[in-house]
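Chemist: Below are the structure tokens for one structure; questions will follow.
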Amino acid sequence: MERPELPLPQLHAFVVLAEELHFGHAASRLGIAQPPLSQQIRRLEDKVGYALFSREPGRIGLTPAGRELLPAARHALTGLAEGLTAAREVGSGRAGRLRIGFAASLALTVLPGLLHTFRKRFPAVDLDIHEMTTTPQLAALRERTIDIGLLREPPAHDAELGFETVLTEQFVAVLPSSHPLAAQRAVRVEQLADYPFVLLPRAVGPPLYDQITNLCTAAGFTPQVTQHAVEWQTVCALVETGLGVSLAPKSIRRIRLKGVAFRGIEPNTARTRIAVAWRKNDSNPLVPRLLAALNQDPLDKT
């Protein structure tokens, strides 16, 4: 970028004098004496190479060169003022851009309330929302392509990332509505042993996958997973077709499919954690703003 030739104080003095067309009035408005103002204008005219003001006894006026420079000078000063204001807003965390990754099922629980609260407090912030499962979110945080993650079952320890649990959920059985077990109010996990399972691939969220399979192991069987789907809505759709049954977080009941029944499970002590994730060394001031908003309006963590 070419370095500008004209110092901003000289441009400011020029614009004020062009508006006042009176050295005394312009100097008073600038808060300086008339001689320094005259010197600023002379230096600017020397830079331009032509007179910017016509000087006659008792009056001054803009020359053609001065009239040509005035719009550009005003634009430069306005742009700088706006840039400074924007920089201060971003630096203070009142404006800027925040990139958020979220697991699709969290659109049924955490995401709407969190975004509503944050946007109400910081309407000038540009929110860039990306749907992705847990493993891609962790990678995106490390690669700095998102700033905040909303995910299920975060790692227990991570040197680079911070995590905070915002909600816990029970599990439910997901059954075709015509399934014999759908007639029960609750399903014992061992009753699912003889049926094929539809689950998310382990790669998209190993801790959650292991939590579900551990529920089955504790009930005395290993689930026979015959179908995989990346999103819970697809899992439910495959269950609806009769391809299998599933175990899922309780909020999945908000997916409305006529051919799917959701039933509580026994035992029902297991919980899946929903957490917010961030880089511990992130300098983006919007990250602590979002975490603070979450803490000031906590979600139901039961």
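Please note that chains go A, B, ... in the order of the structure tokens, that every chain numbers its residues from 1, and that ligands are numbered from 1 in the order shown.
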So that each row is one residue of stretch 134-185 of chain A with an atom at most 8 Å from stretch 264-279 of chain A, can you give its shortest atom pair and the distance in Å to one decimal, using only C-alpha atoms, rows by chain and rising number, as JSON lines?
Modeler:
{"residue": "A:Leu141", "atom": "CA", "partner": "A:Arg279", "partner_atom": "CA", "distance": 6.7}
{"residue": "A:Arg142", "atom": "CA", "partner": "A:Arg279", "partner_atom": "CA", "distance": 7.4}
{"residue": "A:Asp147", "atom": "CA", "partner": "A:Trp278", "partner_atom": "CA", "distance": 6.3}
{"residue": "A:Ile148", "atom": "CA", "partner": "A:Trp278", "partner_atom": "CA", "distance": 5.0}
{"residue": "A:Gly149", "atom": "CA", "partner": "A:Ala277", "partner_atom": "CA", "distance": 4.8}
{"residue": "A:Leu150", "atom": "CA", "partner": "A:Val276", "partner_atom": "CA", "distance": 4.7}
{"residue": "A:Leu151", "atom": "CA", "partner": "A:Ala275", "partner_atom": "CA", "distance": 5.6}
{"residue": "A:Arg152", "atom": "CA", "partner": "A:Ile274", "partner_atom": "CA", "distance": 4.6}
{"residue": "A:Glu153", "atom": "CA", "partner": "A:Arg273", "partner_atom": "CA", "distance": 5.2}
{"residue": "A:Pro154", "atom": "CA", "partner": "A:Ala275", "partner_atom": "CA", "distance": 6.7}
{"residue": "A:Glu160", "atom": "CA", "partner": "A:Arg279", "partner_atom": "CA", "distance": 6.1}
{"residue": "A:Leu161", "atom": "CA", "partner": "A:Arg279", "partner_atom": "CA", "distance": 4.6}
{"residue": "A:Gly162", "atom": "CA", "partner": "A:Trp278", "partner_atom": "CA", "distance": 5.3}
{"residue": "A:Phe163", "atom": "CA", "partner": "A:Ala277", "partner_atom": "CA", "distance": 4.5}
{"residue": "A:Glu164", "atom": "CA", "partner": "A:Ala275", "partner_atom": "CA", "distance": 5.3}
{"residue": "A:Thr165", "atom": "CA", "partner": "A:Ala275", "partner_atom": "CA", "distance": 4.2}
{"residue": "A:Val166", "atom": "CA", "partner": "A:Ala275", "partner_atom": "CA", "distance": 5.3}
{"residue": "A:Leu167", "atom": "CA", "partner": "A:Ile274", "partner_atom": "CA", "distance": 5.1}
{"residue": "A:Thr168", "atom": "CA", "partner": "A:Arg273", "partner_atom": "CA", "distance": 4.6}
{"residue": "A:Glu169", "atom": "CA", "partner": "A:Arg271", "partner_atom": "CA", "distance": 5.1}
{"residue": "A:Gln170", "atom": "CA", "partner": "A:Arg271", "partner_atom": "CA", "distance": 4.7}
{"residue": "A:Phe171", "atom": "CA", "partner": "A:Arg271", "partner_atom": "CA", "distance": 6.7}
{"residue": "A:Val172", "atom": "CA", "partner": "A:Gly264", "partner_atom": "CA", "distance": 4.8}
{"residue": "A:Ala173", "atom": "CA", "partner": "A:Gly264", "partner_atom": "CA", "distance": 6.2}
{"residue": "A:Arg185", "atom": "CA", "partner": "A:Gly264", "partner_atom": "CA", "distance": 7.0}
Chemist: Put those residues in a file: N, CA and C atoms, as a compact mmCIF listing (two decimals), in the first residue's frame.
Modeler:
# COMPACT_ATOMS: atom_id res chain seq x y z
N LEU A 141 -11.23 -26.17 16.48
CA LEU A 141 -10.74 -25.30 17.54
C LEU A 141 -9.22 -25.24 17.51
N ARG A 142 -8.58 -26.37 17.37
CA ARG A 142 -7.11 -26.40 17.34
C ARG A 142 -6.56 -25.72 16.09
N ASP A 147 -14.10 -20.46 17.02
CA ASP A 147 -13.67 -19.88 18.29
C ASP A 147 -14.32 -20.56 19.50
N ILE A 148 -15.52 -21.08 19.30
CA ILE A 148 -16.29 -21.71 20.37
C ILE A 148 -16.88 -23.00 19.83
N GLY A 149 -16.88 -24.04 20.65
CA GLY A 149 -17.54 -25.29 20.28
C GLY A 149 -18.63 -25.63 21.27
N LEU A 150 -19.74 -26.17 20.77
CA LEU A 150 -20.81 -26.71 21.61
C LEU A 150 -20.93 -28.19 21.24
N LEU A 151 -20.53 -29.05 22.14
CA LEU A 151 -20.36 -30.45 21.78
C LEU A 151 -20.77 -31.38 22.92
N ARG A 152 -20.82 -32.67 22.58
CA ARG A 152 -21.17 -33.68 23.57
C ARG A 152 -19.92 -34.44 24.01
N GLU A 153 -19.89 -34.76 25.29
CA GLU A 153 -18.84 -35.59 25.88
C GLU A 153 -17.44 -35.11 25.50
N PRO A 154 -17.02 -33.96 26.05
CA PRO A 154 -15.67 -33.47 25.76
C PRO A 154 -14.62 -34.37 26.38
N GLU A 160 -4.63 -27.78 25.51
CA GLU A 160 -4.87 -26.60 24.69
C GLU A 160 -6.27 -26.03 24.83
N LEU A 161 -7.25 -26.88 25.12
CA LEU A 161 -8.65 -26.47 25.11
C LEU A 161 -9.24 -26.49 26.52
N GLY A 162 -10.17 -25.56 26.74
CA GLY A 162 -10.93 -25.53 27.98
C GLY A 162 -12.35 -26.00 27.73
N PHE A 163 -12.96 -26.61 28.74
CA PHE A 163 -14.33 -27.13 28.62
C PHE A 163 -15.13 -26.77 29.87
N GLU A 164 -16.42 -26.54 29.66
CA GLU A 164 -17.31 -26.31 30.79
C GLU A 164 -18.65 -26.97 30.49
N THR A 165 -19.10 -27.84 31.38
CA THR A 165 -20.39 -28.51 31.20
C THR A 165 -21.52 -27.52 31.37
N VAL A 166 -22.44 -27.51 30.41
CA VAL A 166 -23.58 -26.59 30.49
C VAL A 166 -24.90 -27.32 30.67
N LEU A 167 -24.92 -28.62 30.42
CA LEU A 167 -26.17 -29.37 30.53
C LEU A 167 -25.84 -30.85 30.58
N THR A 168 -26.62 -31.62 31.32
CA THR A 168 -26.52 -33.08 31.27
C THR A 168 -27.89 -33.65 30.92
N GLU A 169 -27.87 -34.78 30.23
CA GLU A 169 -29.12 -35.40 29.77
C GLU A 169 -29.13 -36.89 30.07
N GLN A 170 -30.32 -37.40 30.34
CA GLN A 170 -30.52 -38.85 30.42
C GLN A 170 -30.55 -39.43 29.00
N PHE A 171 -30.54 -40.74 28.92
CA PHE A 171 -30.68 -41.44 27.65
C PHE A 171 -32.10 -42.00 27.53
N VAL A 172 -32.54 -42.17 26.28
CA VAL A 172 -33.82 -42.80 25.99
C VAL A 172 -33.62 -43.87 24.93
N ALA A 173 -34.55 -44.81 24.90
CA ALA A 173 -34.58 -45.80 23.83
C ALA A 173 -35.36 -45.23 22.65
N ARG A 185 -43.89 -48.25 29.16
CA ARG A 185 -43.57 -46.88 29.55
C ARG A 185 -42.07 -46.69 29.65
Chemist: Go through stretch 160-253 of chain A and flag each residue having an atom no more than 10 Å from stretch 103-106 of chain A; for those, report the closest pair of atoms plus their distance in Å to one decimal, using only C-alpha atoms, ordered by chain and rising number, as a Markdown table.
Modeler:
| residue | atom | partner | partner_atom | distance |
| --- | --- | --- | --- | --- |
| A:Val230 | CA | A:Ala104 | CA | 9.7 |
| A:Glu231 | CA | A:Ala104 | CA | 6.9 |
| A:Trp232 | CA | A:Ser105 | CA | 6.7 |
| A:Gln233 | CA | A:Ser105 | CA | 8.0 |
| A:Pro249 | CA | A:Ser105 | CA | 8.9 |
| A:Ser251 | CA | A:Ser105 | CA | 7.6 |
| A:Ile252 | CA | A:Ser105 | CA | 6.9 |
Chemist: Which polymer residues have any atom within 6 Å of an atom of A:Arg99, counting only C-alpha atoms, with same-chain residues fewer than 3 positions away left out, as a list in words?
Modeler: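 The residues that qualify are Asp128, Ile129, Ile146 and Asp147 of chain A.
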Chemist: Neighbours of stretch 15-18 of chain A within 7 Å (only C-alpha atoms; same-chain residues fewer than 2 positions away dropped), as a list in words?
Modeler: Leu11, His12, Ala13, Glu20, Leu21, His22, Phe23, Ala26, Leu62, Leu70, Ala73 and Arg74 of chain A
Chemist: Which residue, A:Leu294, A:Leu69, A:His116, A:Ala261, has the smallest gap to A:Ala186 when you use only C-alpha atoms?
Modeler: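 The closest residue to A:Ala186 is A:Ala261.
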Chemist: Record the distance separating atom CA of A:Leu127 and atom CA of A:Leu286, expressed in Å with one decimal.
Modeler: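 Taking atom CA of A:Leu127 and atom CA of A:Leu286, their separation equals 10.4 Å.
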Chemist: Find the residues near A:Leu257: any atom within 10 Å, counting only C-alpha atoms, skip ones fewer than 5 places away on the same chain, and give them as a PDB file with N, CA, C and O atoms, in the first residue's frame.
Modeler:
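Wrote it out as result_28.pdb, contents follow:
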ATOM      1  N   PRO A 176     -39.077 -48.098  16.651  1.00  0.00           N
ATOM      2  CA  PRO A 176     -40.202 -47.914  15.725  1.00  0.00           C
ATOM      3  C   PRO A 176     -41.493 -47.926  16.536  1.00  0.00           C
ATOM      4  O   PRO A 176     -41.628 -48.682  17.509  1.00  0.00           O
ATOM      5  N   SER A 177     -42.438 -47.086  16.167  1.00  0.00           N
ATOM      6  CA  SER A 177     -43.676 -46.997  16.959  1.00  0.00           C
ATOM      7  C   SER A 177     -44.444 -48.312  16.983  1.00  0.00           C
ATOM      8  O   SER A 177     -45.241 -48.560  17.896  1.00  0.00           O
ATOM      9  N   GLN A 233     -31.034 -37.025  13.676  1.00  0.00           N
ATOM     10  CA  GLN A 233     -32.279 -37.017  12.912  1.00  0.00           C
ATOM     11  C   GLN A 233     -32.302 -38.165  11.906  1.00  0.00           C
ATOM     12  O   GLN A 233     -33.331 -38.803  11.700  1.00  0.00           O
ATOM     13  N   CYS A 236     -32.928 -41.449  13.742  1.00  0.00           N
ATOM     14  CA  CYS A 236     -34.361 -41.633  13.996  1.00  0.00           C
ATOM     15  C   CYS A 236     -35.116 -42.043  12.737  1.00  0.00           C
ATOM     16  O   CYS A 236     -36.034 -42.880  12.801  1.00  0.00           O
ATOM     17  N   ALA A 237     -34.742 -41.452  11.606  1.00  0.00           N
ATOM     18  CA  ALA A 237     -35.411 -41.806  10.349  1.00  0.00           C
ATOM     19  C   ALA A 237     -35.162 -43.267   9.994  1.00  0.00           C
ATOM     20  O   ALA A 237     -36.070 -43.966   9.504  1.00  0.00           O
ATOM     21  N   GLU A 240     -37.258 -45.393  12.195  1.00  0.00           N
ATOM     22  CA  GLU A 240     -38.650 -45.350  11.741  1.00  0.00           C
ATOM     23  C   GLU A 240     -38.919 -46.378  10.646  1.00  0.00           C
ATOM     24  O   GLU A 240     -40.005 -46.973  10.582  1.00  0.00           O
TER      25      GLU A 240
END
Chemist: Extract the full set of helix (DSSP H, G or I) residues from stretch 128-213 of chain A according to DSSP on the backbone, and format it as a PyMOL selection string.
Modeler: chain A and resi 134-142+180-183+189-192+202-204+206-213
Chemist: Could the residues in this selection be written to a file with N, CA and C atoms, as a PDB file, in the first residue's frame?
Modeler:
ATOM      1  N   THR A 134     -18.682 -33.687  17.186  1.00  0.00           N
ATOM      2  CA  THR A 134     -17.695 -33.381  18.221  1.00  0.00           C
ATOM      3  C   THR A 134     -16.256 -33.450  17.734  1.00  0.00           C
ATOM      4  N   THR A 135     -15.863 -34.530  17.087  1.00  0.00           N
ATOM      5  CA  THR A 135     -14.470 -34.676  16.666  1.00  0.00           C
ATOM      6  C   THR A 135     -14.042 -33.570  15.704  1.00  0.00           C
ATOM      7  N   PRO A 136     -14.816 -33.243  14.662  1.00  0.00           N
ATOM      8  CA  PRO A 136     -14.441 -32.108  13.806  1.00  0.00           C
ATOM      9  C   PRO A 136     -14.385 -30.779  14.562  1.00  0.00           C
ATOM     10  N   GLN A 137     -15.238 -30.596  15.575  1.00  0.00           N
ATOM     11  CA  GLN A 137     -15.185 -29.356  16.358  1.00  0.00           C
ATOM     12  C   GLN A 137     -13.856 -29.231  17.092  1.00  0.00           C
ATOM     13  N   LEU A 138     -13.413 -30.308  17.709  1.00  0.00           N
ATOM     14  CA  LEU A 138     -12.136 -30.265  18.431  1.00  0.00           C
ATOM     15  C   LEU A 138     -10.997 -29.920  17.478  1.00  0.00           C
ATOM     16  N   ALA A 139     -11.033 -30.511  16.273  1.00  0.00           N
ATOM     17  CA  ALA A 139      -9.999 -30.204  15.279  1.00  0.00           C
ATOM     18  C   ALA A 139     -10.094 -28.755  14.831  1.00  0.00           C
ATOM     19  N   ALA A 140     -11.305 -28.255  14.618  1.00  0.00           N
ATOM     20  CA  ALA A 140     -11.488 -26.873  14.157  1.00  0.00           C
ATOM     21  C   ALA A 140     -11.027 -25.865  15.209  1.00  0.00           C
ATOM     22  N   LEU A 141     -11.234 -26.174  16.479  1.00  0.00           N
ATOM     23  CA  LEU A 141     -10.743 -25.300  17.539  1.00  0.00           C
ATOM     24  C   LEU A 141      -9.217 -25.236  17.513  1.00  0.00           C
ATOM     25  N   ARG A 142      -8.578 -26.372  17.366  1.00  0.00           N
ATOM     26  CA  ARG A 142      -7.111 -26.398  17.343  1.00  0.00           C
ATOM     27  C   ARG A 142      -6.558 -25.717  16.094  1.00  0.00           C
ATOM     28  N   PRO A 180     -42.725 -53.984  19.588  1.00  0.00           N
ATOM     29  CA  PRO A 180     -43.383 -54.495  20.798  1.00  0.00           C
ATOM     30  C   PRO A 180     -42.992 -53.745  22.070  1.00  0.00           C
ATOM     31  N   LEU A 181     -41.745 -53.299  22.178  1.00  0.00           N
ATOM     32  CA  LEU A 181     -41.301 -52.602  23.379  1.00  0.00           C
ATOM     33  C   LEU A 181     -41.880 -51.195  23.487  1.00  0.00           C
ATOM     34  N   ALA A 182     -42.433 -50.675  22.383  1.00  0.00           N
ATOM     35  CA  ALA A 182     -43.005 -49.327  22.411  1.00  0.00           C
ATOM     36  C   ALA A 182     -44.266 -49.266  23.261  1.00  0.00           C
ATOM     37  N   ALA A 183     -44.852 -50.417  23.570  1.00  0.00           N
ATOM     38  CA  ALA A 183     -46.048 -50.453  24.418  1.00  0.00           C
ATOM     39  C   ALA A 183     -45.704 -50.232  25.886  1.00  0.00           C
ATOM     40  N   VAL A 189     -32.648 -51.899  29.485  1.00  0.00           N
ATOM     41  CA  VAL A 189     -31.648 -51.909  28.417  1.00  0.00           C
ATOM     42  C   VAL A 189     -31.433 -53.318  27.883  1.00  0.00           C
ATOM     43  N   GLU A 190     -31.444 -54.321  28.773  1.00  0.00           N
ATOM     44  CA  GLU A 190     -31.205 -55.694  28.315  1.00  0.00           C
ATOM     45  C   GLU A 190     -32.280 -56.187  27.348  1.00  0.00           C
ATOM     46  N   GLN A 191     -33.459 -55.545  27.355  1.00  0.00           N
ATOM     47  CA  GLN A 191     -34.510 -55.952  26.413  1.00  0.00           C
ATOM     48  C   GLN A 191     -34.161 -55.609  24.964  1.00  0.00           C
ATOM     49  N   LEU A 192     -33.157 -54.764  24.755  1.00  0.00           N
ATOM     50  CA  LEU A 192     -32.749 -54.379  23.399  1.00  0.00           C
ATOM     51  C   LEU A 192     -31.716 -55.326  22.815  1.00  0.00           C
ATOM     52  N   ARG A 202     -18.536 -44.176  15.554  1.00  0.00           N
ATOM     53  CA  ARG A 202     -17.704 -43.843  16.712  1.00  0.00           C
ATOM     54  C   ARG A 202     -16.755 -42.686  16.409  1.00  0.00           C
ATOM     55  N   ALA A 203     -16.304 -42.567  15.161  1.00  0.00           N
ATOM     56  CA  ALA A 203     -15.313 -41.545  14.809  1.00  0.00           C
ATOM     57  C   ALA A 203     -15.821 -40.125  15.030  1.00  0.00           C
ATOM     58  N   VAL A 204     -17.132 -39.892  14.933  1.00  0.00           N
ATOM     59  CA  VAL A 204     -17.638 -38.519  15.057  1.00  0.00           C
ATOM     60  C   VAL A 204     -17.776 -38.085  16.507  1.00  0.00           C
ATOM     61  N   PRO A 206     -16.259 -40.297  19.809  1.00  0.00           N
ATOM     62  CA  PRO A 206     -15.916 -41.533  20.534  1.00  0.00           C
ATOM     63  C   PRO A 206     -16.467 -41.617  21.954  1.00  0.00           C
ATOM     64  N   PRO A 207     -16.377 -40.558  22.791  1.00  0.00           N
ATOM     65  CA  PRO A 207     -16.876 -40.712  24.172  1.00  0.00           C
ATOM     66  C   PRO A 207     -18.374 -41.026  24.239  1.00  0.00           C
ATOM     67  N   LEU A 208     -19.187 -40.356  23.411  1.00  0.00           N
ATOM     68  CA  LEU A 208     -20.627 -40.614  23.427  1.00  0.00           C
ATOM     69  C   LEU A 208     -20.918 -42.020  22.919  1.00  0.00           C
ATOM     70  N   TYR A 209     -20.260 -42.432  21.848  1.00  0.00           N
ATOM     71  CA  TYR A 209     -20.449 -43.784  21.309  1.00  0.00           C
ATOM     72  C   TYR A 209     -20.114 -44.818  22.386  1.00  0.00           C
ATOM     73  N   ASP A 210     -18.983 -44.609  23.067  1.00  0.00           N
ATOM     74  CA  ASP A 210     -18.572 -45.562  24.094  1.00  0.00           C
ATOM     75  C   ASP A 210     -19.548 -45.562  25.261  1.00  0.00           C
ATOM     76  N   GLN A 211     -20.106 -44.407  25.577  1.00  0.00           N
ATOM     77  CA  GLN A 211     -21.062 -44.339  26.669  1.00  0.00           C
ATOM     78  C   GLN A 211     -22.301 -45.185  26.358  1.00  0.00           C
ATOM     79  N   ILE A 212     -22.756 -45.118  25.105  1.00  0.00           N
ATOM     80  CA  ILE A 212     -23.934 -45.894  24.704  1.00  0.00           C
ATOM     81  C   ILE A 212     -23.625 -47.390  24.705  1.00  0.00           C
ATOM     82  N   THR A 213     -22.490 -47.756  24.130  1.00  0.00           N
ATOM     83  CA  THR A 213     -22.150 -49.187  24.101  1.00  0.00           C
ATOM     84  C   THR A 213     -21.876 -49.713  25.514  1.00  0.00           C
TER      85      THR A 213
END
Chemist: For A:Leu291, which residue among A:Phe118, A:Gln184, A:His228, A:Ala65 is the nearest when counting only C-alpha atoms?
Modeler: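 Of all the options, A:Phe118 lies closest to A:Leu291.
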Chemist: Using DSSP on the backbone coordinates, identify all residues within stretch 19-245 of chain A classified as strand (DSSP E); present the result as a ChimeraX atom specification.
Modeler: /A:53-56,59-62,96-102,125-131,148-152,161-169,171-176,186-188,197-199,225-228
Chemist: Tell me, in Å to one decimal, how far atom CA of A:Leu98 is from atom CA of A:Thr78.
Modeler: 26.7 Å
Chemist: By how many Å are atom CA of A:Arg256 and atom CA of A:Thr222 apart?
Modeler: 28.6 Å
Chemist: Check the smallest atom-to-atom distance from each of A:Arg254, A:Pro285, A:Arg43, A:Leu111 to A:Pro7 using only C-alpha atoms, then report the winner.
Modeler: A:Arg43
